[in-house]
Amino acid sequence: MPSLKDLRNRISSVKATRKITKAMQMVAAAKLRRAQEAAQAARPYAERMDAVLAALGQSINRDNASPLLVGTGRDQTHLLVVATAERGLCGGFNSNIAKLARADALKLLAAGKTVKIVTVGRKGADNLRRDLGRNIVERLDLRGVRQLGFANAEEIANKILAMFDAGEFDVATLYFSEFKSVIAQKPTALQLIPAKLPEGGEAKAGTAQPVVETEPDDEAVLGYLLSRNLSTQIFRGLLENAASEQGARMSAMDSATRNAGEMINKLTVKYNRQRQANITKELIEIISGAEAL
């Protein structure tokens with residue numbers, strides 16, 4: 001049975017831990033509002049970009065379309081871009097994204113496909129290193145980035161485009177966590193190359209459609225927009241990840257703070273019982289000694 005000193009030290013340790021988790025919860029709550037606003041502000045732009053691409057995709061000849069739209073014609077080599085956080089202490093946020101990417105990678109490997117992985121964030125590489133370490137071809141670190149910007153997504157997109165132009169893969173998929181609420185984040189797989197255009201881009205029967213002229217032509221405009229869309233979708237994924245990370249960390253630290261409070265109560269009760277038992281034992285010894293005289 002632990003001594004009273006051991007119990008006091010344990011209570012003090014848990015109280016110090018509770019202060020840390022409470023502080024982390026408050027910091028995450030402050031960061032969550034800004035990250036949530038940024039993620040929600042990026043969604044309309046990405047959705048509008050999809051609509052424009054869908055409209056242009058319907059008006060061009062697929063035989064002369066950009067490989068970013070129609071692909072290479074093969075489905076052998078897959079590139080998985082796994083975006084996670086740089087730090088832990090955010091519940092199952094990182095592990096859920098890695099779990100989805102791992103399941104897809106193992107499924108592709110079982111089908112005889114070649115899988116290459118690019119990790120964005122340290123925790124993604126740590127989670128996938130054991131099972132798929134040999135498939136990780138590059139690790140991108142955003143640890144020094146204080147605030148995510150479009151330039152960060154553009155840098156990642158340029159690396160992916162360079163690999164695609166070099167013929168290193170046929171299909172690219174981005175893995176991130178879509179922010180739903182503070183307690184709900186959905187791991188998501190978004191195909192980047194070839195671009196997954198939304199359905200419903202065709203004109204409805206009997207509906208007048210505006211005549212749009214593009215300069216220089218639809219193919220050239222679509223080619224530029226496809227490369228721009230790659231950066232846009234990656235930027236949206238990073239912003240969704242940032243909001244999801246703070247939401248998951250806020251929930252995890254809130255649970256840790258409440259658990260620490262419950263542990264302190266249990267240890268305090270145990271300490272008081274042990275102290276009372278020691279006092280009772282000393283009284284019995286004193287009374288027994290007095291009676292022996």
# chains A, B, ... in the order shown; residues from 1 in each chain; ligands from 1
call {"tool": "closest_atom_pairs", "arguments": {"of": "region 139-198 of chain A", "to": "region 77-93 of chain A", "cutoff": "9 Å", "atoms": "only C-alpha atoms", "output": "Markdown table"}}
result
| residue | atom | partner | partner_atom | distance |
| --- | --- | --- | --- | --- |
| A:Asp141 | CA | A:Glu86 | CA | 7.8 |
| A:Leu142 | CA | A:Glu86 | CA | 7.2 |
| A:Arg143 | CA | A:Glu86 | CA | 6.0 |
| A:Ile160 | CA | A:Leu79 | CA | 8.9 |
| A:Glu168 | CA | A:Thr77 | CA | 7.5 |
| A:Phe169 | CA | A:Thr77 | CA | 4.8 |
| A:Asp170 | CA | A:Thr77 | CA | 5.3 |
| A:Val171 | CA | A:His78 | CA | 4.8 |
| A:Ala172 | CA | A:Leu79 | CA | 4.6 |
| A:Thr173 | CA | A:Leu80 | CA | 5.1 |
| A:Leu174 | CA | A:Val81 | CA | 4.7 |
| A:Tyr175 | CA | A:Val82 | CA | 4.8 |
| A:Phe176 | CA | A:Ala83 | CA | 5.4 |
| A:Ser177 | CA | A:Phe93 | CA | 7.7 |
| A:Gln185 | CA | A:Phe93 | CA | 7.7 |
| A:Pro187 | CA | A:Phe93 | CA | 8.4 |
call {"tool": "select_by_dssp", "arguments": {"residues": "region 9-218 of chain A", "states": "strand (DSSP E or B)", "output": "ChimeraX atom specification"}}
result
/A:77-83,114-120,136-140,171-181,184-193
call {"tool": "write_last_selection", "arguments": {"atoms": "N, CA, C and O atoms", "output": "compact mmCIF listing (two decimals), in the first residue's frame"}}
result
# COMPACT_ATOMS: atom_id res chain seq x y z
N THR A 77 0.38 2.77 -60.95
CA THR A 77 1.11 3.39 -59.85
C THR A 77 0.25 4.46 -59.20
O THR A 77 -0.23 5.38 -59.86
N HIS A 78 0.07 4.34 -57.90
CA HIS A 78 -0.78 5.27 -57.14
C HIS A 78 0.09 6.05 -56.15
O HIS A 78 0.92 5.48 -55.45
N LEU A 79 -0.15 7.35 -56.11
CA LEU A 79 0.52 8.22 -55.15
C LEU A 79 -0.50 8.64 -54.09
O LEU A 79 -1.53 9.22 -54.40
N LEU A 80 -0.19 8.35 -52.83
CA LEU A 80 -1.06 8.72 -51.72
C LEU A 80 -0.41 9.88 -50.97
O LEU A 80 0.68 9.73 -50.42
N VAL A 81 -1.08 11.02 -50.95
CA VAL A 81 -0.60 12.19 -50.22
C VAL A 81 -1.35 12.24 -48.90
O VAL A 81 -2.54 12.57 -48.86
N VAL A 82 -0.66 11.90 -47.82
CA VAL A 82 -1.29 11.77 -46.51
C VAL A 82 -0.95 13.00 -45.68
O VAL A 82 0.20 13.21 -45.28
N ALA A 83 -1.95 13.84 -45.42
CA ALA A 83 -1.76 15.07 -44.65
C ALA A 83 -2.24 14.87 -43.22
O ALA A 83 -3.41 14.55 -43.00
N THR A 114 1.34 -0.57 -57.64
CA THR A 114 2.49 0.05 -57.01
C THR A 114 2.01 1.27 -56.23
O THR A 114 1.28 2.10 -56.75
N VAL A 115 2.43 1.37 -54.97
CA VAL A 115 1.97 2.45 -54.09
C VAL A 115 3.17 3.28 -53.65
O VAL A 115 4.17 2.74 -53.17
N LYS A 116 3.05 4.59 -53.82
CA LYS A 116 4.03 5.54 -53.33
C LYS A 116 3.31 6.51 -52.39
O LYS A 116 2.18 6.90 -52.65
N ILE A 117 3.97 6.88 -51.31
CA ILE A 117 3.35 7.71 -50.29
C ILE A 117 4.18 8.97 -50.06
O ILE A 117 5.40 8.89 -49.89
N VAL A 118 3.51 10.11 -50.05
CA VAL A 118 4.10 11.39 -49.65
C VAL A 118 3.37 11.85 -48.40
O VAL A 118 2.14 12.00 -48.42
N THR A 119 4.08 12.04 -47.32
CA THR A 119 3.46 12.45 -46.07
C THR A 119 3.65 13.95 -45.86
O THR A 119 4.74 14.47 -46.07
N VAL A 120 2.59 14.61 -45.46
CA VAL A 120 2.63 16.02 -45.11
C VAL A 120 2.33 16.11 -43.62
O VAL A 120 1.19 15.92 -43.21
N ILE A 136 7.11 5.02 -48.51
CA ILE A 136 7.18 6.47 -48.33
C ILE A 136 8.35 7.01 -49.15
O ILE A 136 9.50 6.69 -48.90
N VAL A 137 8.04 7.86 -50.13
CA VAL A 137 9.07 8.38 -51.02
C VAL A 137 9.50 9.78 -50.62
O VAL A 137 10.59 10.22 -51.00
N GLU A 138 8.66 10.50 -49.88
CA GLU A 138 9.04 11.86 -49.46
C GLU A 138 8.23 12.26 -48.25
O GLU A 138 7.06 11.90 -48.12
N ARG A 139 8.89 13.03 -47.36
CA ARG A 139 8.24 13.54 -46.17
C ARG A 139 8.33 15.06 -46.18
O ARG A 139 9.43 15.61 -46.17
N LEU A 140 7.18 15.71 -46.20
CA LEU A 140 7.13 17.17 -46.20
C LEU A 140 6.81 17.66 -44.81
O LEU A 140 5.88 17.17 -44.16
N VAL A 171 -2.09 7.85 -60.67
CA VAL A 171 -3.24 8.37 -59.92
C VAL A 171 -2.73 8.94 -58.60
O VAL A 171 -1.91 8.31 -57.92
N ALA A 172 -3.22 10.12 -58.25
CA ALA A 172 -2.83 10.76 -56.98
C ALA A 172 -4.08 11.00 -56.15
O ALA A 172 -5.11 11.46 -56.66
N THR A 173 -3.99 10.69 -54.85
CA THR A 173 -5.13 10.85 -53.93
C THR A 173 -4.65 11.56 -52.68
O THR A 173 -3.59 11.23 -52.13
N LEU A 174 -5.42 12.54 -52.24
CA LEU A 174 -5.11 13.30 -51.03
C LEU A 174 -5.94 12.78 -49.87
O LEU A 174 -7.16 12.60 -50.00
N TYR A 175 -5.29 12.56 -48.73
CA TYR A 175 -5.97 12.09 -47.51
C TYR A 175 -5.88 13.20 -46.46
O TYR A 175 -4.79 13.67 -46.13
N PHE A 176 -7.04 13.59 -45.94
CA PHE A 176 -7.10 14.60 -44.91
C PHE A 176 -8.37 14.37 -44.09
O PHE A 176 -9.12 13.42 -44.35
N SER A 177 -8.60 15.22 -43.11
CA SER A 177 -9.78 15.08 -42.25
C SER A 177 -10.68 16.29 -42.46
O SER A 177 -10.27 17.43 -42.24
N GLU A 178 -11.90 16.04 -42.91
CA GLU A 178 -12.85 17.11 -43.15
C GLU A 178 -13.50 17.53 -41.83
O GLU A 178 -13.98 16.69 -41.07
N PHE A 179 -13.50 18.82 -41.58
CA PHE A 179 -14.04 19.34 -40.32
C PHE A 179 -15.57 19.36 -40.38
O PHE A 179 -16.15 19.97 -41.27
N LYS A 180 -16.21 18.69 -39.44
CA LYS A 180 -17.66 18.70 -39.32
C LYS A 180 -18.08 19.54 -38.11
O LYS A 180 -18.93 20.42 -38.22
N SER A 181 -17.51 19.22 -36.96
CA SER A 181 -17.78 19.96 -35.74
C SER A 181 -16.63 19.70 -34.78
O SER A 181 -15.67 19.02 -35.11
N ALA A 184 -16.62 16.01 -34.23
CA ALA A 184 -16.74 15.14 -35.40
C ALA A 184 -15.82 15.63 -36.51
O ALA A 184 -15.96 16.76 -36.99
N GLN A 185 -14.88 14.77 -36.89
CA GLN A 185 -13.99 15.02 -38.02
C GLN A 185 -13.98 13.77 -38.89
O GLN A 185 -13.81 12.66 -38.37
N LYS A 186 -14.17 13.95 -40.17
CA LYS A 186 -14.34 12.81 -41.08
C LYS A 186 -13.09 12.61 -41.94
O LYS A 186 -12.77 13.48 -42.77
N PRO A 187 -12.36 11.49 -41.77
CA PRO A 187 -11.23 11.20 -42.66
C PRO A 187 -11.72 11.06 -44.10
O PRO A 187 -12.70 10.36 -44.37
N THR A 188 -11.06 11.74 -45.02
CA THR A 188 -11.55 11.84 -46.39
C THR A 188 -10.42 11.54 -47.37
O THR A 188 -9.27 11.91 -47.14
N ALA A 189 -10.76 10.86 -48.46
CA ALA A 189 -9.83 10.60 -49.57
C ALA A 189 -10.35 11.34 -50.79
O ALA A 189 -11.48 11.10 -51.23
N LEU A 190 -9.55 12.25 -51.34
CA LEU A 190 -9.94 13.07 -52.49
C LEU A 190 -8.97 12.81 -53.63
O LEU A 190 -7.77 13.04 -53.49
N GLN A 191 -9.48 12.33 -54.75
CA GLN A 191 -8.63 12.07 -55.91
C GLN A 191 -8.25 13.39 -56.57
O GLN A 191 -9.10 14.20 -56.92
N LEU A 192 -6.94 13.59 -56.73
CA LEU A 192 -6.42 14.82 -57.32
C LEU A 192 -6.11 14.68 -58.80
O LEU A 192 -6.41 15.55 -59.61
N ILE A 193 -5.47 13.58 -59.17
CA ILE A 193 -5.08 13.31 -60.56
C ILE A 193 -5.47 11.87 -60.89
O ILE A 193 -5.05 10.95 -60.18
call {"tool": "closest_residue", "arguments": {"among": "A:Ala28, A:Ala252, A:Ala98, A:Leu53", "to": "Lys123 (chain A)", "atoms": "only C-alpha atoms"}}
result
A:Ala98
call {"tool": "residues_around", "arguments": {"residues": "region 148-154 of chain A", "least_positions_apart": "3", "cutoff": "8 Å", "atoms": "only C-alpha atoms", "output": "list in words"}}
result
Val145, Ala157, Asn158, Ser231, Thr232, Ile234, Phe235, Leu238 and Leu239 of chain A
call {"tool": "decode", "arguments": {"residues": "region 166-203 of chain A", "atoms": "C-alpha atoms", "output": "mmCIF file, in the first residue's frame"}}
result
data_model
loop_
_atom_site.group_PDB
_atom_site.id
_atom_site.type_symbol
_atom_site.label_atom_id
_atom_site.label_comp_id
_atom_site.auth_asym_id
_atom_site.auth_seq_id
_atom_site.Cartn_x
_atom_site.Cartn_y
_atom_site.Cartn_z
ATOM 1 C CA ALA A 166 8.292 12.649 -64.718
ATOM 2 C CA GLY A 167 5.898 9.706 -65.048
ATOM 3 C CA GLU A 168 6.352 8.542 -61.448
ATOM 4 C CA PHE A 169 2.637 7.796 -60.863
ATOM 5 C CA ASP A 170 -0.698 7.487 -62.643
ATOM 6 C CA VAL A 171 -3.238 8.370 -59.923
ATOM 7 C CA ALA A 172 -2.830 10.757 -56.981
ATOM 8 C CA THR A 173 -5.126 10.855 -53.934
ATOM 9 C CA LEU A 174 -5.110 13.303 -51.028
ATOM 10 C CA TYR A 175 -5.971 12.093 -47.512
ATOM 11 C CA PHE A 176 -7.103 14.604 -44.905
ATOM 12 C CA SER A 177 -9.777 15.081 -42.252
ATOM 13 C CA GLU A 178 -12.851 17.113 -43.147
ATOM 14 C CA PHE A 179 -14.042 19.335 -40.322
ATOM 15 C CA LYS A 180 -17.659 18.699 -39.320
ATOM 16 C CA SER A 181 -17.782 19.963 -35.740
ATOM 17 C CA VAL A 182 -15.680 20.097 -32.598
ATOM 18 C CA ILE A 183 -16.490 16.463 -31.832
ATOM 19 C CA ALA A 184 -16.742 15.144 -35.398
ATOM 20 C CA GLN A 185 -13.993 15.023 -38.021
ATOM 21 C CA LYS A 186 -14.337 12.811 -41.076
ATOM 22 C CA PRO A 187 -11.228 11.200 -42.657
ATOM 23 C CA THR A 188 -11.545 11.840 -46.391
ATOM 24 C CA ALA A 189 -9.831 10.600 -49.568
ATOM 25 C CA LEU A 190 -9.942 13.068 -52.488
ATOM 26 C CA GLN A 191 -8.631 12.072 -55.911
ATOM 27 C CA LEU A 192 -6.423 14.815 -57.317
ATOM 28 C CA ILE A 193 -5.080 13.308 -60.561
ATOM 29 C CA PRO A 194 -6.930 12.652 -62.776
ATOM 30 C CA ALA A 195 -9.240 15.388 -61.513
ATOM 31 C CA LYS A 196 -12.529 14.122 -60.148
ATOM 32 C CA LEU A 197 -15.029 16.557 -61.621
ATOM 33 C CA PRO A 198 -18.489 16.819 -60.014
ATOM 34 C CA GLU A 199 -21.385 15.250 -61.828
ATOM 35 C CA GLY A 200 -24.224 17.277 -63.220
ATOM 36 C CA GLY A 201 -22.145 19.583 -65.403
ATOM 37 C CA GLU A 202 -24.305 18.878 -68.436
ATOM 38 C CA ALA A 203 -27.006 21.327 -69.458
#
